[in-house]
Structures are given as structure tokens and as C-alpha cells.
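First comes the structure, then the notes that go with it.
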Amino acid sequence: MFKALVLELVGETVVPVVKEIAESFLTDGDLLVRVHYSTVNYKDGMAITGTGKIVRSYPIIPGVDLAGEVVESQSSTFKTGDMVVVTGFRMGELYNGGLSQMARVRSQWAIKIPPSLSTKRVMEIGTAGLTSMLSVLTLEEHGTVPGADVLVTGAAGGVGSIAVAILAKLGYNVSASTGRSSEERYLKSLGASEVIERYQLSEAVSRPLLSERWNGAIDTVGGTTLSNILLQIRYGGCVTSVGLAGGANFSTNVYPFLVRAINLVGIDSVMTTLPRRELAWNRLGEDLDPKYLESMVSYVALDDVVSVAEKIMNGKVRGRTVVDLTQ
């Protein structure tokens, strides 16, 4: 028996319960992993609070990522004792996720943790960090070079915080947008050169184009914010779309694409290929200064996850929340 957070459906209400379960609860996977750490992300917050249609069937263990030790393997790629990280692949949606002391996963989902990283450090970075690095890689591939002006929205959140830290370390001039003015000192400590209040990007405008301001952007917000960003990207620039905290729908026109030849690229950390993941994790080991993780990461026990999920949905969590499952 081991502890897990289980989501149950009672009528139309999602009820999260931390309880002891048996290994037989775990299904579908050729690797059995003793989970050391997991995290609480925005998608986890949605699943745990029953916001939106994240989970497909109940009961289920939420948690979109995990890091731990292989204790049983039916795969030739992994052996007992290997340290692995698993993110995405519909964990916590279609399949049991990482908010459990034990997890059964498919070997095709797992990556051996690079020697430079521990299971703890990997989850300090987590899905949010992977998403951030996938965005940075995309900006680079579309010609955004160090020294360029780059915007990060939702900058005080998990994806945003790590994106600011990575971009600043690489030599970009980072503008950080947030709805929490109290986080200005925090964001500048990560390397942001300026902090922009959210309302400056969230109010609808009627003009087909605005003055060119940034070479690139990583947008975690969506909605009207994304619409306004597209109108302010410089010629040939790139915007990555990674979130929808401000709404799933946005409205724009073709002028930024036809007149300024900008690129809008979606970032998916759930089903991205293993080679792409391996590249991103190796870059994270090189390009994310560990000292910044100390200021952006907090640690909780499994029993605290539900309250953290509620805070995430209310925009009251800074940076990353790591769940210690070794207790």
C-alpha cells in the first residue's frame, strides 16, 4: 500500500482524496516507478478543482509529471535502479499521474535523467521548465538571437519564471508581464529588465497594427493578451503560445503576418517527441542557473496539494510547487 491523491466523481462534483491504495490501482505501463517528486501545474489545478474537462474518466490519480527510480521494468531500455523523468503523454488526464508514491508508466514516455540533474532538480524544473525550454528552442529556430527584446507573459507563474531566467542567462533583454505588481523585485532578480503590468496588454484595441516593440514573445496567457502581442512583434519575429489563463479564444487580423512576416507557433509539451524532450532537458541542465530555482520553488507534502491547486486557479502561486513524495 502507498499514498496517492485520487480524484473521484460524486455526482457532478470532483472530490480529491489523499488515501492509501494498492498497486493493483495502477494500470497500463511496463515500468513501475517509485516516485520521489512530482509538481503541481496549472493543468493539475484544473483537474483537481474540476475546472474544465481535463480528466476523461474517474477515479484517477492526477499529476502531469514525475521523477523517480525504476523498481520494476519489462522494457529492455530501462533497468531497476534507473532514475527517470516522465512528463505529459496524457498522464493525469487519460492515465494515472505522478501525485502518488508509486506510478506505472509506459517506457516510451520515460527519459533517463541526465547525469547533471537529480530527481529533485528535475522536478524543480518540471513540465513548466520543459515547456519554457521548448519555447526558447522555437524562438532560436525562428531567428531570435541573444540581445533581442523578448516578452514573457504570466511571468510570475511556473512557465514564465523559468522562461525569464533562461532568456536572461542567454543574454536576451527580457520584458516580464504580470498581473501582480508585488512580484516586480522577484522578476528582476530572475533577470527581467522591465516589468509590465498585465492591463497594458489585456485591454482590447481596434487598430490593425501597433508599434513594433519585441523581437519575440513567450505567451502563457492567450486571449486578448495574445492578440495585442501579435500587433507589436517586429518584422520576422516569433511568438510561442503555451497557455490560456486569459482565455482560449483570441481575435486578430492578418496584417502582422502579411506586413511583418511574423510567426505564431504553438508549444505542446504533452506529446512532443522524445528526441525533442532529450534536447530540451540537456539544454535545461546547461542554460538554467540553479541559483534561480531557490527563489522560484516551494515544497509541499501530498496532503497540501489540494490547497495549492486552489491557489493556482486563483492566481496566488509564484513560480514552481514541488511535491515531495518520499515522506
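Residues in the C-alpha cells are numbered from 1 in each chain, the chains being A, B, ... in the order shown, and ligands are numbered from 1 in the order shown.
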
With 10 Å as the cut-off and only C-alpha atoms counted, what is the closest atom pair between each nearby residue of region 47-123 of chain A and region 305-319 of chain A? Distances in Å to one decimal, ordered by chain and number, as CSV.
residue,atom,partner,partner_atom,distance
A:Ala47,CA,A:Ala309,CA,8.8
A:Ile48,CA,A:Ala309,CA,6.6
A:Thr49,CA,A:Glu310,CA,6.7
A:Thr51,CA,A:Met313,CA,8.8
A:Leu99,CA,A:Val305,CA,8.7

Using C-alpha atoms, can you write the selected residues to a file as an mmCIF file, in the first residue's frame?
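File produced: part_34.cif:
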data_model
loop_
_atom_site.group_PDB
_atom_site.id
_atom_site.type_symbol
_atom_site.label_atom_id
_atom_site.label_comp_id
_atom_site.auth_asym_id
_atom_site.auth_seq_id
_atom_site.Cartn_x
_atom_site.Cartn_y
_atom_site.Cartn_z
ATOM 1 C CA ALA A 47 -8.111 18.723 -12.846
ATOM 2 C CA ILE A 48 -8.091 18.789 -9.038
ATOM 3 C CA THR A 49 -10.627 21.614 -8.779
ATOM 4 C CA THR A 51 -12.355 23.209 -13.758
ATOM 5 C CA LEU A 99 0.845 12.565 -7.487
#

Please give the complete set of residues from region 80-313 of chain A that DSSP, run on the backbone, assigns to helix (DSSP H, G or I), formatted as a tab-separated table (two decimals) with C-alpha atoms, in the first residue's frame.
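So result_17.tsv came out as:
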chain	number	residue	atom	x	y	z
A	107	SER	CA	8.68	3.08	-21.15
A	108	GLN	CA	8.05	5.11	-24.34
A	109	TRP	CA	7.17	8.05	-22.08
A	119	THR	CA	15.21	13.68	-9.41
A	120	LYS	CA	14.66	16.67	-7.14
A	121	ARG	CA	16.23	19.15	-9.54
A	122	VAL	CA	14.33	17.70	-12.49
A	123	MET	CA	11.02	18.30	-10.75
A	124	GLU	CA	12.10	21.76	-9.62
A	125	ILE	CA	12.26	22.38	-13.35
A	126	GLY	CA	9.33	20.10	-14.19
A	127	THR	CA	6.81	20.35	-17.00
A	128	ALA	CA	6.84	24.13	-16.66
A	129	GLY	CA	10.58	24.23	-17.30
A	130	LEU	CA	10.31	21.79	-20.20
A	131	THR	CA	7.63	23.99	-21.76
A	132	SER	CA	9.79	27.07	-21.24
A	133	MET	CA	12.80	25.48	-22.93
A	134	LEU	CA	10.70	24.20	-25.84
A	135	SER	CA	9.61	27.81	-26.33
A	136	VAL	CA	13.19	29.10	-26.17
A	137	LEU	CA	14.29	26.49	-28.71
A	138	THR	CA	11.48	27.59	-31.02
A	139	LEU	CA	12.42	31.26	-30.73
A	140	GLU	CA	16.03	30.38	-31.57
A	141	GLU	CA	14.97	28.31	-34.57
A	158	GLY	CA	5.88	28.44	-13.33
A	159	VAL	CA	6.48	28.58	-17.09
A	160	GLY	CA	7.01	32.34	-17.04
A	161	SER	CA	9.51	32.38	-14.18
A	162	ILE	CA	11.76	29.77	-15.75
A	163	ALA	CA	11.47	31.39	-19.18
A	164	VAL	CA	12.60	34.73	-17.75
A	165	ALA	CA	15.57	33.10	-16.00
A	166	ILE	CA	16.68	31.13	-19.08
A	167	LEU	CA	16.33	34.03	-21.51
A	168	ALA	CA	18.17	36.44	-19.21
A	169	LYS	CA	21.05	33.99	-18.74
A	170	LEU	CA	21.31	33.56	-22.51
A	181	SER	CA	2.90	44.26	-9.30
A	182	SER	CA	4.21	42.97	-5.96
A	183	GLU	CA	6.37	40.48	-7.93
A	184	GLU	CA	8.48	43.15	-9.66
A	185	ARG	CA	11.50	42.63	-7.39
A	186	TYR	CA	11.24	38.86	-7.81
A	187	LEU	CA	11.09	39.07	-11.61
A	188	LYS	CA	14.01	41.48	-11.80
A	189	SER	CA	16.00	39.13	-9.58
A	199	TYR	CA	-3.54	45.55	-18.06
A	200	GLN	CA	-1.20	47.13	-20.62
A	201	LEU	CA	-1.62	44.01	-22.76
A	202	SER	CA	-5.07	42.77	-21.76
A	223	GLY	CA	-6.97	35.68	-25.05
A	224	THR	CA	-6.76	39.41	-25.68
A	225	THR	CA	-3.17	39.47	-24.43
A	226	LEU	CA	-2.06	37.23	-27.27
A	227	SER	CA	-3.99	39.38	-29.75
A	228	ASN	CA	-2.19	42.52	-28.58
A	229	ILE	CA	1.24	40.86	-28.57
A	230	LEU	CA	0.90	39.87	-32.22
A	255	TYR	CA	-1.63	42.30	-41.07
A	256	PRO	CA	1.06	41.17	-38.58
A	257	PHE	CA	1.60	38.06	-40.71
A	258	LEU	CA	1.47	39.71	-44.14
A	259	VAL	CA	3.13	43.04	-43.38
A	274	LEU	CA	11.44	12.01	-27.15
A	275	PRO	CA	14.42	13.43	-29.13
A	276	ARG	CA	12.98	16.91	-28.70
A	277	ARG	CA	12.49	16.28	-24.98
A	278	GLU	CA	16.04	15.00	-24.59
A	279	LEU	CA	17.40	18.10	-26.32
A	280	ALA	CA	15.33	20.34	-24.06
A	281	TRP	CA	16.37	18.55	-20.85
A	282	ASN	CA	20.05	18.70	-21.81
A	283	ARG	CA	19.72	22.42	-22.53
A	284	LEU	CA	17.94	22.94	-19.21
A	285	GLY	CA	20.93	21.37	-17.46
A	286	GLU	CA	23.16	23.94	-19.20
A	287	ASP	CA	21.08	27.11	-19.54
A	290	PRO	CA	20.24	26.52	-10.37
A	291	LYS	CA	20.51	29.54	-8.08
A	292	TYR	CA	17.30	30.94	-9.53
A	293	LEU	CA	15.36	27.82	-8.64
A	294	GLU	CA	15.82	28.60	-4.95
A	295	SER	CA	13.71	31.74	-5.25
A	296	MET	CA	11.02	30.28	-7.51
A	302	LEU	CA	0.98	15.31	-0.79
A	303	ASP	CA	-1.60	16.34	1.81
A	304	ASP	CA	-1.10	20.01	0.82
A	305	VAL	CA	-1.66	19.59	-2.92
A	306	VAL	CA	-5.40	20.34	-2.97
A	307	SER	CA	-4.95	23.72	-1.29
A	308	VAL	CA	-2.11	24.56	-3.69
A	309	ALA	CA	-4.32	23.66	-6.65
A	310	GLU	CA	-6.97	26.07	-5.43
A	311	LYS	CA	-4.39	28.84	-5.06
A	312	ILE	CA	-3.06	28.21	-8.58
A	313	MET	CA	-6.54	28.64	-10.01

Compile the contact shell of Gly237 (chain A) as an mmCIF file with N, CA and C atoms, in the first residue's frame: residues with an atom at most 7 Å away, counting only C-alpha atoms, same-chain residues fewer than 5 positions apart removed.
data_model
loop_
_atom_site.group_PDB
_atom_site.id
_atom_site.type_symbol
_atom_site.label_atom_id
_atom_site.label_comp_id
_atom_site.auth_asym_id
_atom_site.auth_seq_id
_atom_site.Cartn_x
_atom_site.Cartn_y
_atom_site.Cartn_z
ATOM 1 N N ASN A 215 11.132 41.458 -30.461
ATOM 2 C CA ASN A 215 11.544 40.513 -31.498
ATOM 3 C C ASN A 215 10.860 39.167 -31.329
ATOM 4 N N GLY A 216 10.470 38.856 -30.109
ATOM 5 C CA GLY A 216 9.829 37.577 -29.843
ATOM 6 C C GLY A 216 9.061 37.633 -28.546
ATOM 7 N N ILE A 262 5.485 37.782 -39.307
ATOM 8 C CA ILE A 262 5.742 37.175 -38.002
ATOM 9 C C ILE A 262 5.272 35.721 -37.977
ATOM 10 N N ASN A 263 5.731 34.988 -36.967
ATOM 11 C CA ASN A 263 5.381 33.581 -36.799
ATOM 12 C C ASN A 263 4.678 33.390 -35.458
#

* Asked: Using only C-alpha atoms, which residues sit within 8 Å of Arg106 (chain A) once same-chain residues fewer than 4 positions away are excluded, as a list in words?
  ->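 Neighbouring residues, sequence-local ones excluded: Asp28, Gly29, Asp30, Leu31 and Ala110 of chain A.
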
Take the residues from that selection and put them in a file with C-alpha atoms, as a PDB file, in the first residue's frame.
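Dumped to again_38.pdb:
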ATOM      1  CA  ASP A  28      -1.124   0.429 -18.273  1.00  0.00           C
ATOM      2  CA  GLY A  29       2.652   0.519 -18.207  1.00  0.00           C
ATOM      3  CA  ASP A  30       5.791  -1.610 -18.385  1.00  0.00           C
ATOM      4  CA  LEU A  31       7.713   0.447 -15.820  1.00  0.00           C
ATOM      5  CA  ALA A 110      10.287   7.943 -19.899  1.00  0.00           C
TER       6      ALA A 110
END

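In this comparison, which uses only C-alpha atoms, the residue of A:Ser206, A:Ser211, A:Asn173, A:Thr13 approaching Thr252 (chain A) most closely is A:Ser206.
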
* Do you have the CA of Leu210 (chain A)-CA of Gly157 (chain A) distance handy? -> 26.6 Å

Applying 9 Å and only C-alpha atoms, which residues near Leu94 (chain A) remain after dropping the ones on its own chain fewer than 4 positions away? List them as a PDB file with N, CA and C atoms, in the first residue's frame.
ATOM      1  N   ILE A  54     -10.641  18.292 -18.095  1.00  0.00           N
ATOM      2  CA  ILE A  54      -9.278  17.773 -18.190  1.00  0.00           C
ATOM      3  C   ILE A  54      -9.274  16.252 -18.104  1.00  0.00           C
ATOM      4  N   VAL A  55      -9.941  15.718 -17.089  1.00  0.00           N
ATOM      5  CA  VAL A  55      -9.934  14.275 -16.827  1.00  0.00           C
ATOM      6  C   VAL A  55     -11.015  13.600 -17.657  1.00  0.00           C
ATOM      7  N   ARG A  56     -10.672  12.454 -18.255  1.00  0.00           N
ATOM      8  CA  ARG A  56     -11.606  11.744 -19.125  1.00  0.00           C
ATOM      9  C   ARG A  56     -12.417  10.688 -18.396  1.00  0.00           C
ATOM     10  N   SER A  57     -11.865  10.091 -17.337  1.00  0.00           N
ATOM     11  CA  SER A  57     -12.614   9.084 -16.587  1.00  0.00           C
ATOM     12  C   SER A  57     -12.107   9.046 -15.153  1.00  0.00           C
ATOM     13  N   ILE A  60      -9.092   8.652 -10.823  1.00  0.00           N
ATOM     14  CA  ILE A  60      -7.784   8.800 -11.458  1.00  0.00           C
ATOM     15  C   ILE A  60      -6.839   9.520 -10.511  1.00  0.00           C
ATOM     16  N   PHE A  89       2.219  13.130 -21.981  1.00  0.00           N
ATOM     17  CA  PHE A  89       1.656  11.901 -22.528  1.00  0.00           C
ATOM     18  C   PHE A  89       0.301  11.562 -21.901  1.00  0.00           C
ATOM     19  N   ARG A  90      -0.456  12.594 -21.550  1.00  0.00           N
ATOM     20  CA  ARG A  90      -1.820  12.498 -21.031  1.00  0.00           C
ATOM     21  C   ARG A  90      -1.891  11.891 -19.634  1.00  0.00           C
TER      22      ARG A  90
END
